[in-house]
Amino acid sequence: MVCIVLLLKCKGVFIFIKILNMPSKKFILSADIAHKKMQRMAYEIVEQNIGEKQIILAGIKDRGLIIANIIKAMLQNVFKGEILVMEISIDRVKPKNISIPDGFNFDDTVVIITDDVANSGKTLLYALNPFLDFYPKKIQALVLVERSHKKFPVSADYVGLSVSTAMDEIIIVETKGNEILGARLE
């Protein structure tokens with residue numbers, strides 16, 4: 001809780017005033033640090049995929065797609081192959097309802113599923129499903145923030161920040177347009 005208190009002097013008398021009492025935001029990642037973490041992950045992608053001709057960044061709608069596009073821009077300076085970005089639409093309540101765009105061939109390619117936060121691993125697990133109809137060379141996962149509460153046996157290959165949280169806390173990655181503003185803990 002944040003409590004702002006004023007001590008005023010009026011006509012020789014001190015007045016104590018409590019102005020505000022509200023929960024504070026616990027930022028665990030600023031925009032600048034998030035950018036640095038994504039830059040580091042872009043370099044790791046290049047290191048782990050030397051010699052590959054193509055990488056497909058499959059961003060989970062909405063914030064995962066924003067991260068995929070940011071990573072693509074960072075990779076263009078250091079990766080010699082082709083970099084494609086596609087959107088994965090997934091119903092987070094009924095994750096079997098998942099769709100990817102037509103026209104992609106994932107055979108013998110590197111697919112990197114991107115998301116903002118890995119909570120239980122459930123979203124990443126279901127996001128793998130449409131790619132299993134093909135024969136990709138590799139399927140990897142990238143998340144900006146990873147929580148330590150796994151319920152499913154899925155882990156990210158590229159992690160910006162790993163955080164241990166209480167079960168009732170949630171992590172929110174804040175965005176504005178196509179930018180990451182940071183991540184906070186609630």
# chains A, B, ... in the order shown; residues from 1 in each chain; ligands from 1

$ residues_around --residues "Ala118 (chain A)" --least-positions-apart "3" --cutoff "8 Å" --atoms "only C-alpha atoms" --output "MDAnalysis selection string"
chainID A and resid 115 121 123:124 143 145:147 156

$ write_last_selection --atoms "N, CA and C atoms" --output "PDB file, in the first residue's frame"
ATOM      1  N   ASP A 115       5.499 -15.785 -26.336  1.00  0.00           N
ATOM      2  CA  ASP A 115       4.415 -15.301 -25.486  1.00  0.00           C
ATOM      3  C   ASP A 115       4.999 -14.339 -24.466  1.00  0.00           C
ATOM      4  N   GLY A 121       2.293 -23.138 -18.089  1.00  0.00           N
ATOM      5  CA  GLY A 121       2.773 -23.897 -19.237  1.00  0.00           C
ATOM      6  C   GLY A 121       1.648 -24.369 -20.136  1.00  0.00           C
ATOM      7  N   THR A 123      -0.731 -22.690 -21.950  1.00  0.00           N
ATOM      8  CA  THR A 123      -0.858 -22.011 -23.244  1.00  0.00           C
ATOM      9  C   THR A 123       0.226 -22.475 -24.203  1.00  0.00           C
ATOM     10  N   LEU A 124       1.456 -22.554 -23.719  1.00  0.00           N
ATOM     11  CA  LEU A 124       2.550 -23.016 -24.584  1.00  0.00           C
ATOM     12  C   LEU A 124       2.324 -24.450 -25.044  1.00  0.00           C
ATOM     13  N   VAL A 143       9.675 -16.637 -23.937  1.00  0.00           N
ATOM     14  CA  VAL A 143       8.767 -15.836 -23.112  1.00  0.00           C
ATOM     15  C   VAL A 143       9.556 -14.698 -22.477  1.00  0.00           C
ATOM     16  N   VAL A 145       8.621 -13.242 -19.553  1.00  0.00           N
ATOM     17  CA  VAL A 145       8.651 -13.528 -18.115  1.00  0.00           C
ATOM     18  C   VAL A 145       8.159 -14.953 -17.892  1.00  0.00           C
ATOM     19  N   GLU A 146       8.897 -15.687 -17.074  1.00  0.00           N
ATOM     20  CA  GLU A 146       8.503 -17.063 -16.744  1.00  0.00           C
ATOM     21  C   GLU A 146       8.290 -17.170 -15.241  1.00  0.00           C
ATOM     22  N   ARG A 147       7.127 -17.685 -14.875  1.00  0.00           N
ATOM     23  CA  ARG A 147       6.848 -17.951 -13.452  1.00  0.00           C
ATOM     24  C   ARG A 147       7.330 -19.344 -13.100  1.00  0.00           C
ATOM     25  N   ALA A 156      10.323 -22.840 -21.443  1.00  0.00           N
ATOM     26  CA  ALA A 156      10.774 -21.975 -22.531  1.00  0.00           C
ATOM     27  C   ALA A 156      12.274 -22.162 -22.742  1.00  0.00           C
TER      28      ALA A 156
END

$ residues_around --residues "Met41 (chain A)" --least-positions-apart "2" --cutoff "9 Å" --atoms "only C-alpha atoms" --output "JSON, numbers by chain"
{"A": [36, 37, 38, 39, 43, 44, 45, 46, 71, 142, 158, 159, 160]}

$ write_last_selection --atoms "N, CA and C atoms" --output "mmCIF file, in the first residue's frame"
data_model
loop_
_atom_site.group_PDB
_atom_site.id
_atom_site.type_symbol
_atom_site.label_atom_id
_atom_site.label_comp_id
_atom_site.auth_asym_id
_atom_site.auth_seq_id
_atom_site.Cartn_x
_atom_site.Cartn_y
_atom_site.Cartn_z
ATOM 1 N N LYS A 36 16.355 -4.768 -23.281
ATOM 2 C CA LYS A 36 17.668 -5.430 -23.157
ATOM 3 C C LYS A 36 17.519 -6.949 -23.064
ATOM 4 N N LYS A 37 16.503 -7.400 -22.348
ATOM 5 C CA LYS A 37 16.256 -8.844 -22.229
ATOM 6 C C LYS A 37 15.895 -9.435 -23.595
ATOM 7 N N MET A 38 15.051 -8.724 -24.358
ATOM 8 C CA MET A 38 14.670 -9.223 -25.683
ATOM 9 C C MET A 38 15.870 -9.212 -26.635
ATOM 10 N N GLN A 39 16.740 -8.214 -26.512
ATOM 11 C CA GLN A 39 17.950 -8.173 -27.344
ATOM 12 C C GLN A 39 18.845 -9.371 -27.032
ATOM 13 N N TYR A 43 19.993 -12.588 -29.559
ATOM 14 C CA TYR A 43 21.350 -13.126 -29.749
ATOM 15 C C TYR A 43 21.398 -14.623 -29.439
ATOM 16 N N GLU A 44 20.666 -15.054 -28.412
ATOM 17 C CA GLU A 44 20.614 -16.478 -28.073
ATOM 18 C C GLU A 44 19.972 -17.285 -29.198
ATOM 19 N N ILE A 45 18.945 -16.723 -29.825
ATOM 20 C CA ILE A 45 18.290 -17.404 -30.952
ATOM 21 C C ILE A 45 19.296 -17.624 -32.074
ATOM 22 N N VAL A 46 20.078 -16.604 -32.380
ATOM 23 C CA VAL A 46 21.092 -16.728 -33.429
ATOM 24 C C VAL A 46 22.112 -17.804 -33.055
ATOM 25 N N ILE A 71 11.310 -9.010 -31.612
ATOM 26 C CA ILE A 71 12.440 -9.940 -31.778
ATOM 27 C C ILE A 71 12.842 -10.013 -33.249
ATOM 28 N N LEU A 142 9.787 -18.988 -26.498
ATOM 29 C CA LEU A 142 10.386 -17.765 -25.963
ATOM 30 C C LEU A 142 9.325 -17.033 -25.165
ATOM 31 N N TYR A 158 14.005 -19.751 -24.329
ATOM 32 C CA TYR A 158 14.525 -18.398 -24.187
ATOM 33 C C TYR A 158 13.649 -17.659 -23.192
ATOM 34 N N VAL A 159 14.252 -17.183 -22.098
ATOM 35 C CA VAL A 159 13.505 -16.531 -21.018
ATOM 36 C C VAL A 159 14.159 -15.185 -20.715
ATOM 37 N N GLY A 160 13.343 -14.135 -20.728
ATOM 38 C CA GLY A 160 13.856 -12.816 -20.374
ATOM 39 C C GLY A 160 14.090 -12.696 -18.883
#

$ select_by_dssp --residues "region 24-124 of chain A" --states "helix (DSSP H, G or I)" --output "number ranges by chain"
A: 31-48, 63-75, 122-124

$ write_last_selection --atoms "N, CA and C atoms" --output "JSON list (two decimals), in the first residue's frame"
[["chain", "number", "residue", "atom", "x", "y", "z"],
["A", 31, "ALA", "N", 10.61, -0.82, -19.20],
["A", 31, "ALA", "CA", 10.65, -0.90, -20.67],
["A", 31, "ALA", "C", 12.09, -1.07, -21.14],
["A", 32, "ASP", "N", 13.02, -0.33, -20.53],
["A", 32, "ASP", "CA", 14.43, -0.40, -20.93],
["A", 32, "ASP", "C", 15.02, -1.78, -20.66],
["A", 33, "ILE", "N", 14.74, -2.33, -19.49],
["A", 33, "ILE", "CA", 15.27, -3.66, -19.15],
["A", 33, "ILE", "C", 14.61, -4.72, -20.01],
["A", 34, "ALA", "N", 13.31, -4.59, -20.29],
["A", 34, "ALA", "CA", 12.61, -5.55, -21.16],
["A", 34, "ALA", "C", 13.26, -5.55, -22.54],
["A", 35, "HIS", "N", 13.58, -4.36, -23.06],
["A", 35, "HIS", "CA", 14.24, -4.26, -24.36],
["A", 35, "HIS", "C", 15.60, -4.97, -24.34],
["A", 36, "LYS", "N", 16.36, -4.77, -23.28],
["A", 36, "LYS", "CA", 17.67, -5.43, -23.16],
["A", 36, "LYS", "C", 17.52, -6.95, -23.06],
["A", 37, "LYS", "N", 16.50, -7.40, -22.35],
["A", 37, "LYS", "CA", 16.26, -8.84, -22.23],
["A", 37, "LYS", "C", 15.90, -9.43, -23.59],
["A", 38, "MET", "N", 15.05, -8.72, -24.36],
["A", 38, "MET", "CA", 14.67, -9.22, -25.68],
["A", 38, "MET", "C", 15.87, -9.21, -26.64],
["A", 39, "GLN", "N", 16.74, -8.21, -26.51],
["A", 39, "GLN", "CA", 17.95, -8.17, -27.34],
["A", 39, "GLN", "C", 18.85, -9.37, -27.03],
["A", 40, "ARG", "N", 18.98, -9.68, -25.74],
["A", 40, "ARG", "CA", 19.79, -10.84, -25.35],
["A", 40, "ARG", "C", 19.18, -12.13, -25.90],
["A", 41, "MET", "N", 17.84, -12.25, -25.83],
["A", 41, "MET", "CA", 17.19, -13.44, -26.36],
["A", 41, "MET", "C", 17.37, -13.55, -27.87],
["A", 42, "ALA", "N", 17.38, -12.43, -28.58],
["A", 42, "ALA", "CA", 17.61, -12.44, -30.03],
["A", 42, "ALA", "C", 18.99, -13.00, -30.33],
["A", 43, "TYR", "N", 19.99, -12.59, -29.56],
["A", 43, "TYR", "CA", 21.35, -13.13, -29.75],
["A", 43, "TYR", "C", 21.40, -14.62, -29.44],
["A", 44, "GLU", "N", 20.67, -15.05, -28.41],
["A", 44, "GLU", "CA", 20.61, -16.48, -28.07],
["A", 44, "GLU", "C", 19.97, -17.29, -29.20],
["A", 45, "ILE", "N", 18.94, -16.72, -29.82],
["A", 45, "ILE", "CA", 18.29, -17.40, -30.95],
["A", 45, "ILE", "C", 19.30, -17.62, -32.07],
["A", 46, "VAL", "N", 20.08, -16.60, -32.38],
["A", 46, "VAL", "CA", 21.09, -16.73, -33.43],
["A", 46, "VAL", "C", 22.11, -17.80, -33.05],
["A", 47, "GLU", "N", 22.57, -17.79, -31.80],
["A", 47, "GLU", "CA", 23.56, -18.78, -31.35],
["A", 47, "GLU", "C", 23.02, -20.20, -31.43],
["A", 48, "GLN", "N", 21.75, -20.39, -31.09],
["A", 48, "GLN", "CA", 21.16, -21.73, -31.08],
["A", 48, "GLN", "C", 20.70, -22.20, -32.46],
["A", 63, "ARG", "N", 0.01, -10.05, -26.93],
["A", 63, "ARG", "CA", 1.35, -9.61, -26.48],
["A", 63, "ARG", "C", 2.47, -10.50, -27.00],
["A", 64, "GLY", "N", 2.20, -11.78, -27.21],
["A", 64, "GLY", "CA", 3.21, -12.66, -27.79],
["A", 64, "GLY", "C", 3.55, -12.26, -29.21],
["A", 65, "LEU", "N", 2.56, -11.75, -29.94],
["A", 65, "LEU", "CA", 2.78, -11.27, -31.31],
["A", 65, "LEU", "C", 3.60, -9.98, -31.30],
["A", 66, "ILE", "N", 3.33, -9.11, -30.35],
["A", 66, "ILE", "CA", 4.13, -7.88, -30.21],
["A", 66, "ILE", "C", 5.59, -8.24, -29.96],
["A", 67, "ILE", "N", 5.82, -9.19, -29.05],
["A", 67, "ILE", "CA", 7.19, -9.62, -28.74],
["A", 67, "ILE", "C", 7.83, -10.26, -29.97],
["A", 68, "ALA", "N", 7.08, -11.07, -30.71],
["A", 68, "ALA", "CA", 7.62, -11.70, -31.93],
["A", 68, "ALA", "C", 8.09, -10.65, -32.93],
["A", 69, "ASN", "N", 7.31, -9.60, -33.11],
["A", 69, "ASN", "CA", 7.69, -8.54, -34.04],
["A", 69, "ASN", "C", 8.92, -7.76, -33.56],
["A", 70, "ILE", "N", 9.01, -7.53, -32.26],
["A", 70, "ILE", "CA", 10.20, -6.85, -31.72],
["A", 70, "ILE", "C", 11.43, -7.73, -31.91],
["A", 71, "ILE", "N", 11.31, -9.01, -31.61],
["A", 71, "ILE", "CA", 12.44, -9.94, -31.78],
["A", 71, "ILE", "C", 12.84, -10.01, -33.25],
["A", 72, "LYS", "N", 11.87, -10.02, -34.16],
["A", 72, "LYS", "CA", 12.19, -10.04, -35.59],
["A", 72, "LYS", "C", 13.05, -8.84, -35.97],
["A", 73, "ALA", "N", 12.65, -7.66, -35.52],
["A", 73, "ALA", "CA", 13.41, -6.45, -35.83],
["A", 73, "ALA", "C", 14.84, -6.55, -35.29],
["A", 74, "MET", "N", 15.00, -7.14, -34.12],
["A", 74, "MET", "CA", 16.33, -7.30, -33.53],
["A", 74, "MET", "C", 17.15, -8.35, -34.28],
["A", 75, "LEU", "N", 16.48, -9.42, -34.74],
["A", 75, "LEU", "CA", 17.18, -10.48, -35.46],
["A", 75, "LEU", "C", 17.66, -10.04, -36.84],
["A", 122, "LYS", "N", 0.41, -24.15, -19.73],
["A", 122, "LYS", "CA", -0.76, -24.64, -20.47],
["A", 122, "LYS", "C", -0.87, -24.00, -21.86],
["A", 123, "THR", "N", -0.73, -22.69, -21.95],
["A", 123, "THR", "CA", -0.86, -22.01, -23.24],
["A", 123, "THR", "C", 0.23, -22.48, -24.20],
["A", 124, "LEU", "N", 1.46, -22.55, -23.72],
["A", 124, "LEU", "CA", 2.55, -23.02, -24.58],
["A", 124, "LEU", "C", 2.32, -24.45, -25.04]]

$ closest_residue --among "A:Ala58, A:Glu174, A:Glu179, A:Pro153" --to "Asn119 (chain A)" --atoms "only C-alpha atoms"
A:Pro153

$ closest_residue --among "A:Arg184, A:Lys176, A:Lys96, A:Lys61" --to "Leu128 (chain A)" --atoms "only C-alpha atoms"
A:Lys96

$ select_by_dssp --residues "region 50-141 of chain A" --states "strand (DSSP E)" --output "number ranges by chain"
A: 54-60, 82-90, 98-99, 110-118, 138-141

$ atom_distance --atom1 "CA of Pro95 (chain A)" --atom2 "CA of Ile28 (chain A)"
27.7 Å

$ residues_around --residues "Ser99 (chain A)" --least-positions-apart "6" --cutoff "9 Å" --atoms "only C-alpha atoms" --output "ChimeraX atom specification"
/A:87-90,130

$ closest_residue --among "A:Thr109, A:Asn77, A:Thr114, A:Asn178" --to "Ser155 (chain A)" --atoms "only C-alpha atoms"
A:Thr114

$ atom_distance --atom1 "CA of Leu144 (chain A)" --atom2 "CA of Leu185 (chain A)"
13.6 Å
